[in-house]
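Data block for model10.pdb (PDB, C-alpha atoms (C1' of nucleotides)):
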```pdb
ATOM      1  CA  MET A 248       0.000   0.000   0.000
ATOM      2  CA  ASN A 249       1.586   3.233  -1.114
ATOM      3  CA  GLU A 250       1.533   6.643   0.451
ATOM      4  CA  GLN A 251      -1.436   7.890  -1.515
ATOM      5  CA  THR A 252      -3.536   4.893  -0.705
ATOM      6  CA  ALA A 253      -2.643   5.238   2.941
ATOM      7  CA  GLU A 254      -4.064   8.723   2.944
ATOM      8  CA  ILE A 255      -7.259   7.624   1.259
ATOM      9  CA  VAL A 256      -7.706   4.986   3.913
ATOM     10  CA  ARG A 257      -7.149   7.584   6.575
ATOM     11  CA  ARG A 258      -9.762   9.859   5.099
ATOM     12  CA  LEU A 259     -12.277   7.071   4.871
ATOM     13  CA  LYS A 260     -11.739   6.140   8.490
ATOM     14  CA  ASP A 261     -11.939   9.746   9.572
ATOM     15  CA  HIS A 262     -15.394   9.844   8.090
ATOM     16  CA  GLY A 263     -16.488   6.640   9.748
ATOM     17  CA  ILE A 264     -16.263   4.586   6.578
ATOM     18  CA  ASN A 265     -14.942   1.060   6.684
ATOM     19  CA  PRO A 266     -12.171   1.033   4.066
ATOM     20  CA  THR A 267     -12.863  -1.962   1.879
ATOM     21  CA  ALA A 268     -11.073  -2.604  -1.375
ATOM     22  CA  GLN A 269     -13.910  -1.282  -3.540
ATOM     23  CA  ARG A 270     -14.391   1.810  -1.448
ATOM     24  CA  ILE A 271     -10.716   2.607  -1.637
ATOM     25  CA  GLU A 272     -10.780   2.293  -5.396
ATOM     26  CA  ILE A 273     -13.787   4.483  -5.760
ATOM     27  CA  ALA A 274     -12.356   7.018  -3.365
ATOM     28  CA  GLN A 275      -9.106   7.101  -5.274
ATOM     29  CA  VAL A 276     -10.868   7.807  -8.527
ATOM     30  CA  LEU A 277     -12.971  10.544  -7.048
ATOM     31  CA  LEU A 278     -10.611  12.128  -4.575
ATOM     32  CA  ALA A 279      -7.391  12.068  -6.563
ATOM     33  CA  ARG A 280      -8.445  15.064  -8.599
ATOM     34  CA  PHE A 281     -10.768  17.958  -7.945
ATOM     35  CA  THR A 282     -13.410  16.940 -10.416
ATOM     36  CA  HIS A 283     -17.088  16.303 -10.624
ATOM     37  CA  MET A 284     -18.245  12.951 -11.826
ATOM     38  CA  SER A 285     -21.497  11.178 -12.265
ATOM     39  CA  ALA A 286     -21.911   7.737 -10.774
ATOM     40  CA  ASP A 287     -21.648   6.221 -14.197
ATOM     41  CA  GLU A 288     -18.402   8.015 -14.946
ATOM     42  CA  VAL A 289     -16.948   6.704 -11.726
ATOM     43  CA  PHE A 290     -18.135   3.254 -12.670
ATOM     44  CA  GLN A 291     -16.447   3.486 -16.062
ATOM     45  CA  ILE A 292     -13.149   4.721 -14.688
ATOM     46  CA  VAL A 293     -12.978   2.267 -11.837
ATOM     47  CA  ASN A 294     -13.545  -0.621 -14.160
ATOM     48  CA  LYS A 295     -11.095   0.595 -16.774
ATOM     49  CA  THR A 296      -7.978  -0.112 -14.771
ATOM     50  CA  GLU A 297      -8.995  -2.015 -11.686
ATOM     51  CA  PRO A 298     -10.331  -5.488 -11.009
ATOM     52  CA  ARG A 299     -14.002  -4.769 -11.064
ATOM     53  CA  VAL A 300     -16.646  -2.995  -9.036
ATOM     54  CA  SER A 301     -20.297  -3.539  -9.715
ATOM     55  CA  LYS A 302     -22.638  -0.737 -10.620
ATOM     56  CA  ALA A 303     -24.705  -1.266  -7.497
ATOM     57  CA  THR A 304     -21.636  -0.925  -5.327
ATOM     58  CA  VAL A 305     -20.597   2.252  -7.081
ATOM     59  CA  TYR A 306     -23.996   3.839  -6.567
ATOM     60  CA  ASN A 307     -24.293   2.684  -2.994
ATOM     61  CA  THR A 308     -20.769   3.710  -2.153
ATOM     62  CA  LEU A 309     -21.163   7.175  -3.593
ATOM     63  CA  GLY A 310     -24.350   7.589  -1.615
ATOM     64  CA  LEU A 311     -22.492   6.492   1.485
ATOM     65  CA  PHE A 312     -19.661   8.927   0.829
ATOM     66  CA  ALA A 313     -22.148  11.735   0.455
ATOM     67  CA  ASP A 314     -23.945  10.801   3.664
ATOM     68  CA  LYS A 315     -20.694  10.757   5.548
ATOM     69  CA  GLY A 316     -19.599  14.083   4.160
ATOM     70  CA  LEU A 317     -16.636  12.810   2.205
ATOM     71  CA  VAL A 318     -18.028  14.141  -1.057
ATOM     72  CA  ARG A 319     -20.808  16.494  -1.999
ATOM     73  CA  GLU A 320     -23.747  15.814  -4.241
ATOM     74  CA  VAL A 321     -24.370  18.449  -6.851
ATOM     75  CA  ILE A 322     -27.798  18.701  -8.390
ATOM     76  CA  VAL A 323     -27.664  20.645 -11.625
ATOM     77  CA  ASP A 324     -28.992  18.231 -14.172
ATOM     78  CA  PRO A 325     -32.301  16.426 -13.872
ATOM     79  CA  SER A 326     -30.866  13.292 -15.398
ATOM     80  CA  LYS A 327     -27.973  12.599 -13.081
ATOM     81  CA  ILE A 328     -26.232  13.451  -9.853
ATOM     82  CA  PHE A 329     -22.711  14.792  -9.814
ATOM     83  CA  TYR A 330     -20.304  13.969  -7.019
ATOM     84  CA  ASP A 331     -17.868  16.661  -6.060
ATOM     85  CA  SER A 332     -14.665  15.870  -4.220
ATOM     86  CA  ASN A 333     -14.349  19.493  -3.165
ATOM     87  CA  VAL A 334     -16.293  19.687   0.069
ATOM     88  CA  GLY A 335     -15.296  23.240   0.953
ATOM     89  CA  PRO A 336     -17.569  26.190   0.305
ATOM     90  CA  HIS A 337     -17.727  27.052  -3.369
ATOM     91  CA  HIS A 338     -20.174  27.335  -6.210
ATOM     92  CA  HIS A 339     -20.710  25.838  -9.629
ATOM     93  CA  LEU A 340     -20.768  26.706 -13.243
ATOM     94  CA  TYR A 341     -22.624  24.286 -15.454
ATOM     95  CA  ASN A 342     -22.425  24.210 -19.220
ATOM     96  CA  VAL A 343     -25.767  22.879 -20.361
ATOM     97  CA  THR A 344     -24.483  22.300 -23.874
ATOM     98  CA  THR A 345     -21.538  20.119 -22.986
ATOM     99  CA  GLY A 346     -22.557  18.898 -19.555
ATOM    100  CA  GLU A 347     -19.304  20.162 -18.092
ATOM    101  CA  LEU A 348     -19.412  21.197 -14.459
ATOM    102  CA  ARG A 349     -16.708  23.332 -12.875
ATOM    103  CA  ASP A 350     -16.097  25.083  -9.614
ATOM    104  CA  ILE A 351     -16.389  28.756  -8.912
ATOM    105  CA  ASP A 352     -14.517  29.688  -5.814
ATOM    106  CA  GLN A 353     -15.733  32.166  -3.292
ATOM    107  CA  GLN A 354     -13.483  35.002  -4.230
ATOM    108  CA  HIS A 355     -15.218  35.275  -7.580
ATOM    109  CA  MET A 356     -18.738  35.129  -6.336
ATOM    110  CA  GLN A 357     -20.437  35.356  -2.986
ATOM    111  CA  VAL A 358     -23.905  35.234  -1.612
ATOM    112  CA  VAL A 359     -24.935  38.144   0.562
ATOM    113  CA  GLY A 360     -27.770  37.931   3.038
ATOM    114  CA  LEU A 361     -29.598  35.028   4.494
ATOM    115  CA  PRO A 362     -33.281  34.458   3.907
ATOM    116  CA  PRO A 363     -35.637  33.942   6.823
ATOM    117  CA  LEU A 364     -35.721  30.211   7.431
ATOM    118  CA  PRO A 365     -39.003  28.431   8.001
ATOM    119  CA  PRO A 366     -39.381  27.702  11.717
ATOM    120  CA  GLY A 367     -38.008  24.358  12.806
ATOM    121  CA  THR A 368     -35.553  24.037   9.968
ATOM    122  CA  THR A 369     -31.800  24.208   9.772
ATOM    123  CA  VAL A 370     -29.607  24.967   6.811
ATOM    124  CA  GLU A 371     -28.175  21.887   5.247
ATOM    125  CA  GLY A 372     -26.338  23.579   2.434
ATOM    126  CA  MET A 373     -26.300  26.409   0.001
ATOM    127  CA  GLU A 374     -25.514  26.249  -3.629
ATOM    128  CA  VAL A 375     -25.114  28.706  -6.451
ATOM    129  CA  VAL A 376     -25.293  27.463  -9.991
ATOM    130  CA  VAL A 377     -24.466  29.590 -12.978
ATOM    131  CA  ARG A 378     -25.831  27.970 -16.074
ATOM    132  CA  VAL A 379     -24.113  28.775 -19.349
ATOM    133  CA  ARG A 380     -24.542  27.540 -22.877
ATOM    134  CA  ASP A 381     -22.241  27.509 -25.870
ATOM    135  CA  GLU A 382     -22.979  30.273 -28.279
ATOM    136  CA  ARG A 383     -24.606  28.962 -31.421
ATOM    137  CA  GLY A 384     -25.569  31.780 -33.687
ATOM    138  CA  SER A 385     -22.774  34.292 -33.696
ATOM    139  CA  PRO A 386     -23.596  37.502 -31.842
ATOM    140  CA  SER A 387     -23.453  39.542 -35.018
ATOM    141  CA  SER A 388     -25.594  37.360 -37.219
TER
ATOM    142  CA  MET B 188     -64.294  32.714 -21.900
ATOM    143  CA  ASN B 189     -63.776  34.746 -18.776
ATOM    144  CA  GLU B 190     -61.349  37.515 -18.066
ATOM    145  CA  GLN B 191     -58.770  35.307 -16.439
ATOM    146  CA  THR B 192     -58.764  32.834 -19.263
ATOM    147  CA  ALA B 193     -58.415  35.634 -21.741
ATOM    148  CA  GLU B 194     -55.260  36.732 -20.059
ATOM    149  CA  ILE B 195     -53.831  33.249 -20.057
ATOM    150  CA  VAL B 196     -54.469  33.028 -23.777
ATOM    151  CA  ARG B 197     -52.751  36.339 -24.251
ATOM    152  CA  ARG B 198     -49.711  35.198 -22.337
ATOM    153  CA  LEU B 199     -49.482  31.994 -24.321
ATOM    154  CA  LYS B 200     -49.637  33.868 -27.589
ATOM    155  CA  ASP B 201     -47.096  36.402 -26.409
ATOM    156  CA  HIS B 202     -44.696  33.536 -25.931
ATOM    157  CA  GLY B 203     -45.405  32.031 -29.328
ATOM    158  CA  ILE B 204     -47.494  29.205 -27.973
ATOM    159  CA  ASN B 205     -50.600  28.074 -29.796
ATOM    160  CA  PRO B 206     -53.330  28.224 -27.130
ATOM    161  CA  THR B 207     -55.060  24.871 -27.296
ATOM    162  CA  ALA B 208     -57.572  23.722 -24.711
ATOM    163  CA  GLN B 209     -55.095  21.528 -22.858
ATOM    164  CA  ARG B 210     -52.388  24.136 -22.839
ATOM    165  CA  ILE B 211     -54.791  26.687 -21.442
ATOM    166  CA  GLU B 212     -55.777  24.344 -18.658
ATOM    167  CA  ILE B 213     -52.232  23.555 -17.757
ATOM    168  CA  ALA B 214     -51.290  27.210 -17.884
ATOM    169  CA  GLN B 215     -54.176  28.096 -15.617
ATOM    170  CA  VAL B 216     -53.109  25.583 -13.041
ATOM    171  CA  LEU B 217     -49.533  26.710 -13.081
ATOM    172  CA  LEU B 218     -49.855  30.433 -13.619
ATOM    173  CA  ALA B 219     -52.819  31.187 -11.400
ATOM    174  CA  ARG B 220     -50.684  31.075  -8.288
ATOM    175  CA  PHE B 221     -47.020  31.664  -7.637
ATOM    176  CA  THR B 222     -46.141  28.090  -6.850
ATOM    177  CA  HIS B 223     -43.729  25.417  -7.844
ATOM    178  CA  MET B 224     -45.107  22.163  -9.082
ATOM    179  CA  SER B 225     -43.730  18.965 -10.450
ATOM    180  CA  ALA B 226     -45.145  17.648 -13.698
ATOM    181  CA  ASP B 227     -47.025  15.004 -11.807
ATOM    182  CA  GLU B 228     -48.621  17.531  -9.488
ATOM    183  CA  VAL B 229     -49.798  19.509 -12.465
ATOM    184  CA  PHE B 230     -51.158  16.327 -13.945
ATOM    185  CA  GLN B 231     -53.093  15.540 -10.778
ATOM    186  CA  ILE B 232     -54.582  18.993 -10.433
ATOM    187  CA  VAL B 233     -55.527  19.357 -14.069
ATOM    188  CA  ASN B 234     -57.372  16.078 -13.997
ATOM    189  CA  LYS B 235     -59.099  16.744 -10.703
ATOM    190  CA  THR B 236     -61.442  19.387 -12.014
ATOM    191  CA  GLU B 237     -61.114  19.453 -15.755
ATOM    192  CA  PRO B 238     -61.994  17.080 -18.578
ATOM    193  CA  ARG B 239     -58.732  15.229 -18.930
ATOM    194  CA  VAL B 240     -55.218  15.788 -20.082
ATOM    195  CA  SER B 241     -52.878  12.896 -20.640
ATOM    196  CA  LYS B 242     -49.605  12.548 -18.845
ATOM    197  CA  ALA B 243     -47.625  12.795 -22.056
ATOM    198  CA  THR B 244     -49.295  16.048 -22.922
ATOM    199  CA  VAL B 245     -48.601  17.473 -19.485
ATOM    200  CA  TYR B 246     -44.924  16.619 -19.718
ATOM    201  CA  ASN B 247     -44.588  17.833 -23.262
ATOM    202  CA  THR B 248     -46.505  21.006 -22.571
ATOM    203  CA  LEU B 249     -44.450  21.888 -19.524
ATOM    204  CA  GLY B 250     -41.315  21.337 -21.537
ATOM    205  CA  LEU B 251     -42.718  23.611 -24.222
ATOM    206  CA  PHE B 252     -43.582  26.291 -21.691
ATOM    207  CA  ALA B 253     -40.077  26.174 -20.297
ATOM    208  CA  ASP B 254     -38.541  26.411 -23.762
ATOM    209  CA  LYS B 255     -40.651  29.413 -24.559
ATOM    210  CA  GLY B 256     -39.819  31.135 -21.323
ATOM    211  CA  LEU B 257     -43.303  31.072 -19.867
ATOM    212  CA  VAL B 258     -42.157  29.122 -16.847
ATOM    213  CA  ARG B 259     -38.815  28.247 -15.355
ATOM    214  CA  GLU B 260     -37.450  24.829 -14.608
ATOM    215  CA  VAL B 261     -35.981  24.445 -11.157
ATOM    216  CA  ILE B 262     -33.523  21.646 -10.543
ATOM    217  CA  VAL B 263     -33.179  20.963  -6.845
ATOM    218  CA  ASP B 264     -34.158  17.352  -6.517
ATOM    219  CA  PRO B 265     -32.623  14.547  -8.527
ATOM    220  CA  SER B 266     -35.938  12.773  -8.782
ATOM    221  CA  LYS B 267     -38.073  15.424 -10.391
ATOM    222  CA  ILE B 268     -38.201  18.798 -12.089
ATOM    223  CA  PHE B 269     -40.111  21.685 -10.577
ATOM    224  CA  TYR B 270     -41.829  24.252 -12.733
ATOM    225  CA  ASP B 271     -41.901  27.775 -11.402
ATOM    226  CA  SER B 272     -44.425  30.308 -12.619
ATOM    227  CA  ASN B 273     -42.287  33.110 -11.285
ATOM    228  CA  VAL B 274     -39.936  33.929 -14.139
ATOM    229  CA  GLY B 275     -38.415  37.013 -12.568
ATOM    230  CA  PRO B 276     -35.058  36.970 -10.834
ATOM    231  CA  HIS B 277     -35.245  35.243  -7.487
ATOM    232  CA  HIS B 278     -33.816  32.304  -5.618
ATOM    233  CA  HIS B 279     -35.061  29.177  -3.935
ATOM    234  CA  LEU B 280     -35.300  27.542  -0.585
ATOM    235  CA  TYR B 281     -35.787  23.808  -0.655
ATOM    236  CA  ASN B 282     -36.841  21.711   2.293
ATOM    237  CA  VAL B 283     -35.306  18.320   1.696
ATOM    238  CA  THR B 284     -37.440  16.743   4.398
ATOM    239  CA  THR B 285     -40.809  17.802   3.096
ATOM    240  CA  GLY B 286     -39.974  18.488  -0.526
ATOM    241  CA  GLU B 287     -41.405  21.977  -0.241
ATOM    242  CA  LEU B 288     -39.892  24.578  -2.529
ATOM    243  CA  ARG B 289     -40.350  28.279  -1.944
ATOM    244  CA  ASP B 290     -39.072  31.517  -3.353
ATOM    245  CA  ILE B 291     -36.486  33.782  -1.838
ATOM    246  CA  ASP B 292     -36.689  37.216  -3.313
ATOM    247  CA  GLN B 293     -33.710  39.337  -4.117
ATOM    248  CA  GLN B 294     -33.994  41.702  -1.218
ATOM    249  CA  HIS B 295     -33.241  38.901   1.173
ATOM    250  CA  MET B 296     -30.330  37.441  -0.663
ATOM    251  CA  GLN B 297     -28.118  38.512  -3.504
ATOM    252  CA  VAL B 298     -25.213  37.182  -5.437
ATOM    253  CA  VAL B 299     -22.190  39.430  -5.654
ATOM    254  CA  GLY B 300     -19.605  39.043  -8.349
ATOM    255  CA  LEU B 301     -19.599  37.200 -11.598
ATOM    256  CA  PRO B 302     -17.224  34.367 -12.310
ATOM    257  CA  PRO B 303     -15.074  34.372 -15.427
ATOM    258  CA  LEU B 304     -17.094  32.600 -18.091
ATOM    259  CA  PRO B 305     -15.509  30.006 -20.297
ATOM    260  CA  PRO B 306     -14.836  31.520 -23.715
ATOM    261  CA  GLY B 307     -17.647  31.100 -26.190
ATOM    262  CA  THR B 308     -20.356  30.722 -23.617
ATOM    263  CA  THR B 309     -23.210  32.922 -22.526
ATOM    264  CA  VAL B 310     -25.087  32.932 -19.274
ATOM    265  CA  GLU B 311     -28.358  31.162 -19.497
ATOM    266  CA  GLY B 312     -29.388  31.578 -15.900
ATOM    267  CA  MET B 313     -28.248  31.793 -12.344
ATOM    268  CA  GLU B 314     -29.758  30.062  -9.419
ATOM    269  CA  VAL B 315     -29.226  30.009  -5.697
ATOM    270  CA  VAL B 316     -30.639  27.138  -3.717
ATOM    271  CA  VAL B 317     -30.671  27.095   0.064
ATOM    272  CA  ARG B 318     -31.267  23.583   1.270
ATOM    273  CA  VAL B 319     -32.853  23.173   4.681
ATOM    274  CA  ARG B 320     -34.056  20.207   6.649
ATOM    275  CA  ASP B 321     -36.539  19.841   9.476
ATOM    276  CA  GLU B 322     -34.852  19.560  12.819
ATOM    277  CA  ARG B 323     -35.116  16.073  14.223
ATOM    278  CA  GLY B 324     -32.935  15.713  17.232
ATOM    279  CA  SER B 325     -33.314  18.793  19.392
ATOM    280  CA  PRO B 326     -30.280  21.099  19.349
ATOM    281  CA  SER B 327     -29.647  20.567  23.045
ATOM    282  CA  SER B 328     -29.817  16.800  23.137
TER
ATOM    283  C1'  DC C  58     -18.356 -18.486  12.926
ATOM    284  C1'  DT C  59     -20.517 -14.140  12.700
ATOM    285  C1'  DT C  60     -21.163  -9.763  10.676
ATOM    286  C1'  DA C  61     -20.656  -6.674   6.920
ATOM    287  C1'  DA C  62     -19.975  -5.762   1.985
ATOM    288  C1'  DT C  63     -20.492  -6.984  -2.822
ATOM    289  C1'  DG C  64     -22.678  -8.360  -7.179
ATOM    290  C1'  DC C  65     -26.354  -9.536 -10.112
ATOM    291  C1'  DA C  66     -30.623  -8.813 -11.805
ATOM    292  C1'  DA C  67     -35.022  -7.041 -11.232
ATOM    293  C1'  DA C  68     -37.811  -3.312  -9.898
ATOM    294  C1'  DG C  69     -38.959   1.677  -9.599
ATOM    295  C1'  DG C  70     -39.845   6.533 -10.669
ATOM    296  C1'  DC C  71     -39.689  10.250 -13.823
ATOM    297  C1'  DT C  72     -39.628  11.580 -18.531
ATOM    298  C1'  DT C  73     -39.521  10.960 -23.581
ATOM    299  C1'  DT C  74     -40.933   8.911 -27.856
ATOM    300  C1'  DG C  75     -43.622   6.581 -31.713
ATOM    301  C1'  DC C  76     -47.500   6.539 -33.894
ATOM    302  C1'  DA C  77     -52.435   6.560 -34.712
ATOM    303  C1'  DG C  78     -56.565   9.206 -33.987
ATOM    304  C1'  DA C  79     -58.801  13.755 -33.178
ATOM    305  C1'  DG C  80     -59.124  18.585 -33.767
ATOM    306  C1'  DA C  81     -58.499  23.217 -35.942
ATOM    307  C1'  DC C  82     -58.754  26.275 -39.995
TER
ATOM    308  C1'  DG D 293     -57.720  18.453 -46.882
ATOM    309  C1'  DT D 294     -53.687  19.611 -44.429
ATOM    310  C1'  DC D 295     -51.185  20.490 -40.443
ATOM    311  C1'  DT D 296     -50.828  20.340 -35.523
ATOM    312  C1'  DC D 297     -51.954  18.484 -31.148
ATOM    313  C1'  DT D 298     -53.263  14.810 -28.127
ATOM    314  C1'  DG D 299     -53.295  10.283 -25.975
ATOM    315  C1'  DC D 300     -51.865   5.724 -25.158
ATOM    316  C1'  DA D 301     -48.477   2.609 -24.395
ATOM    317  C1'  DA D 302     -43.896   1.346 -24.693
ATOM    318  C1'  DA D 303     -39.270   2.486 -24.162
ATOM    319  C1'  DG D 304     -35.335   4.818 -21.764
ATOM    320  C1'  DC D 305     -32.343   6.391 -18.242
ATOM    321  C1'  DC D 306     -30.631   6.768 -13.730
ATOM    322  C1'  DT D 307     -30.916   4.844  -9.330
ATOM    323  C1'  DT D 308     -32.440   1.665  -5.663
ATOM    324  C1'  DT D 309     -33.484  -2.783  -3.757
ATOM    325  C1'  DG D 310     -33.629  -7.950  -2.649
ATOM    326  C1'  DC D 311     -31.121 -11.615  -1.877
ATOM    327  C1'  DA D 312     -27.508 -14.991  -2.312
ATOM    328  C1'  DT D 313     -22.457 -15.117  -2.318
ATOM    329  C1'  DT D 314     -18.105 -13.683  -0.734
ATOM    330  C1'  DA D 315     -14.817 -11.461   2.278
ATOM    331  C1'  DA D 316     -13.093 -10.063   6.864
ATOM    332  C1'  DG D 317     -11.747 -10.683  11.748
TER
END
```
If you took the structure in this file and wrote it as structure tokens, what would it be?
Amino acid sequence: MNEQTAEIVRRLKDHGINPTAQRIEIAQVLLARFTHMSADEVFQIVNKTEPRVSKATVYNTLGLFADKGLVREVIVDPSKIFYDSNVGPHHHLYNVTTGELRDIDQQHMQVVGLPPLPPGTTVEGMEVVVRVRDERGSPSS
Amino acid sequence: MNEQTAEIVRRLKDHGINPTAQRIEIAQVLLARFTHMSADEVFQIVNKTEPRVSKATVYNTLGLFADKGLVREVIVDPSKIFYDSNVGPHHHLYNVTTGELRDIDQQHMQVVGLPPLPPGTTVEGMEVVVRVRDERGSPSS
DNA sequence: CTTAATGCAAAGGCTTTGCAGAGAC
DNA sequence: GTCTCTGCAAAGCCTTTGCATTAAG
């Protein structure tokens, strides 16, 4: 077990997640880089180089990671959930044409003010999504 | 045709939508109040009091309305799309426990700053979602 | 040996699609 | 008569679930 894997295991344990082989693989795919991936993308990548992890395990594991706070679910597309390895406060820019999702950090954009919360509720999270699309017709046409 | 219906028809036409009977019914359900409804909710309500509109027509019509800018799609829940009759600039508060979605108007919360856009893209929309949950365990327990 | 995790396949929920029939002008 | 819209049912896609098998301590 190399250094990188050791850290992944540590992070899993820190979040109360039993570090099994499949979970370590999935975590390595998702946590190695600061990207956003759908469950299916994770499934593809994990099974490209490594032994084999079933689709059910990928979905269940990602759900577990999200519950435990290791990754963040990002809801920007009605057809799939994105998993974000960046758990810190930041926002998102979503290209509806290409499906690409990228981070916007706080220094570029901030939310000011807090709305009155309904009684008996607590804030679970806050999310800003800027939706962009590729320009089709040129601006001058 | 009463006054209210006449206005609905006008709004449909203004958005380039051919005002058929079904479309008028759906528009009345959705535009009468400032609410957010899923396609299925619209389907239920339309068929509670009125002749009958098929599920396919409800889905297709809502998609058409969104395309034409008559309503706004709100993506906050991976399992369904909400349609918002409020097209003006505002944000959303989503209760993940109850599934309730409500508006936050701009005076309560604003976004400051604009992120650098990827070249060749234009902003299609911006959305802030505050996610709350009902308190279960009491804060002092 | 006992408990937890994985894999497979089936089921589920929301939405879209194909195509025939009905409606509008 | 022609063009558009509607409705039904089937298909599609992502995700969850049930249950037997396998792995771990």
What do you get, as an mmCIF file with C-alpha atoms (C1' of nucleotides), in the coordinates of the input, if you spell out every residue that the PyMOL selection byres ((chain D) within 9 of (chain A)) selects here?
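Written file, selection_13.cif:
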```cif
data_model
loop_
_atom_site.group_PDB
_atom_site.id
_atom_site.type_symbol
_atom_site.label_atom_id
_atom_site.label_comp_id
_atom_site.auth_asym_id
_atom_site.auth_seq_id
_atom_site.Cartn_x
_atom_site.Cartn_y
_atom_site.Cartn_z
ATOM 1 C "C1'" DC D 305 -32.343 6.391 -18.242
ATOM 2 C "C1'" DC D 306 -30.631 6.768 -13.730
ATOM 3 C "C1'" DT D 307 -30.916 4.844 -9.330
ATOM 4 C "C1'" DT D 308 -32.440 1.665 -5.663
#
```
Would you compute, for all listed atoms of region 209-214 of chain B, the axis-aligned bounding box grown by 5 Å on each side, and then report its centre and edge lengths in Å rounded to one decimal, as lines of an AutoDock Vina configuration file?
```
center_x = -53.5
center_y = 24.4
center_z = -20.3
size_x = 14.5
size_y = 15.7
size_z = 15.1
```
**OP:** Select residues of chain A: the criterion is any atom within 9 Å of an atom of chain C, counting only C-alpha atoms (C1' of nucleotides); output as a list in words.
**Re:** Thr267, Gln269, Val300, Ser301, Lys302, Ala303 and Thr304 of chain A
**OP:** Could you list, as a list in words, the residues of chain B having an atom within 6 Å of chain A when counting all atoms listed in the file?
**Re:**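 Taking all atoms listed in the file into account, Pro265, His295, Met296, Gln297, Val298, Val299, Gly300, Leu301, Pro302, Gly307, Thr308, Thr309, Val310, Glu311, Gly312, Met313, Glu314, Val315, Val316, Val317, Arg318, Val319, Arg320, Asp321 and Glu322 of chain B sit within 6 Å of chain A.
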Let me see the file: selected residues, C-alpha atoms, as a tab-separated table (two decimals), in the coordinates of the input.
```
chain	number	residue	atom	x	y	z
B	265	PRO	CA	-32.62	14.55	-8.53
B	295	HIS	CA	-33.24	38.90	1.17
B	296	MET	CA	-30.33	37.44	-0.66
B	297	GLN	CA	-28.12	38.51	-3.50
B	298	VAL	CA	-25.21	37.18	-5.44
B	299	VAL	CA	-22.19	39.43	-5.65
B	300	GLY	CA	-19.60	39.04	-8.35
B	301	LEU	CA	-19.60	37.20	-11.60
B	302	PRO	CA	-17.22	34.37	-12.31
B	307	GLY	CA	-17.65	31.10	-26.19
B	308	THR	CA	-20.36	30.72	-23.62
B	309	THR	CA	-23.21	32.92	-22.53
B	310	VAL	CA	-25.09	32.93	-19.27
B	311	GLU	CA	-28.36	31.16	-19.50
B	312	GLY	CA	-29.39	31.58	-15.90
B	313	MET	CA	-28.25	31.79	-12.34
B	314	GLU	CA	-29.76	30.06	-9.42
B	315	VAL	CA	-29.23	30.01	-5.70
B	316	VAL	CA	-30.64	27.14	-3.72
B	317	VAL	CA	-30.67	27.10	0.06
B	318	ARG	CA	-31.27	23.58	1.27
B	319	VAL	CA	-32.85	23.17	4.68
B	320	ARG	CA	-34.06	20.21	6.65
B	321	ASP	CA	-36.54	19.84	9.48
B	322	GLU	CA	-34.85	19.56	12.82
```
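The space separating CA of Arg239 (chain B) from CA of Asn273 (chain B) comes to 25.5 Å.
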Original post:
Counting only C-alpha atoms (C1' of nucleotides), what is within 12 Å of region 309-312 of chain A, bar same-chain residues fewer than 6 positions away, as a PyMOL selection string?
Top reply: (chain A and resi 258-266+269-274+276-278+284-290+302-303+318-320+328-332+334) or (chain D and resi 307-308)
Original post:
Quick one, how far is CA of Glu347 (chain A) from CA of Ile292 (chain A)?
Top reply: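 Computing it gives 17.0 Å between the two atoms.
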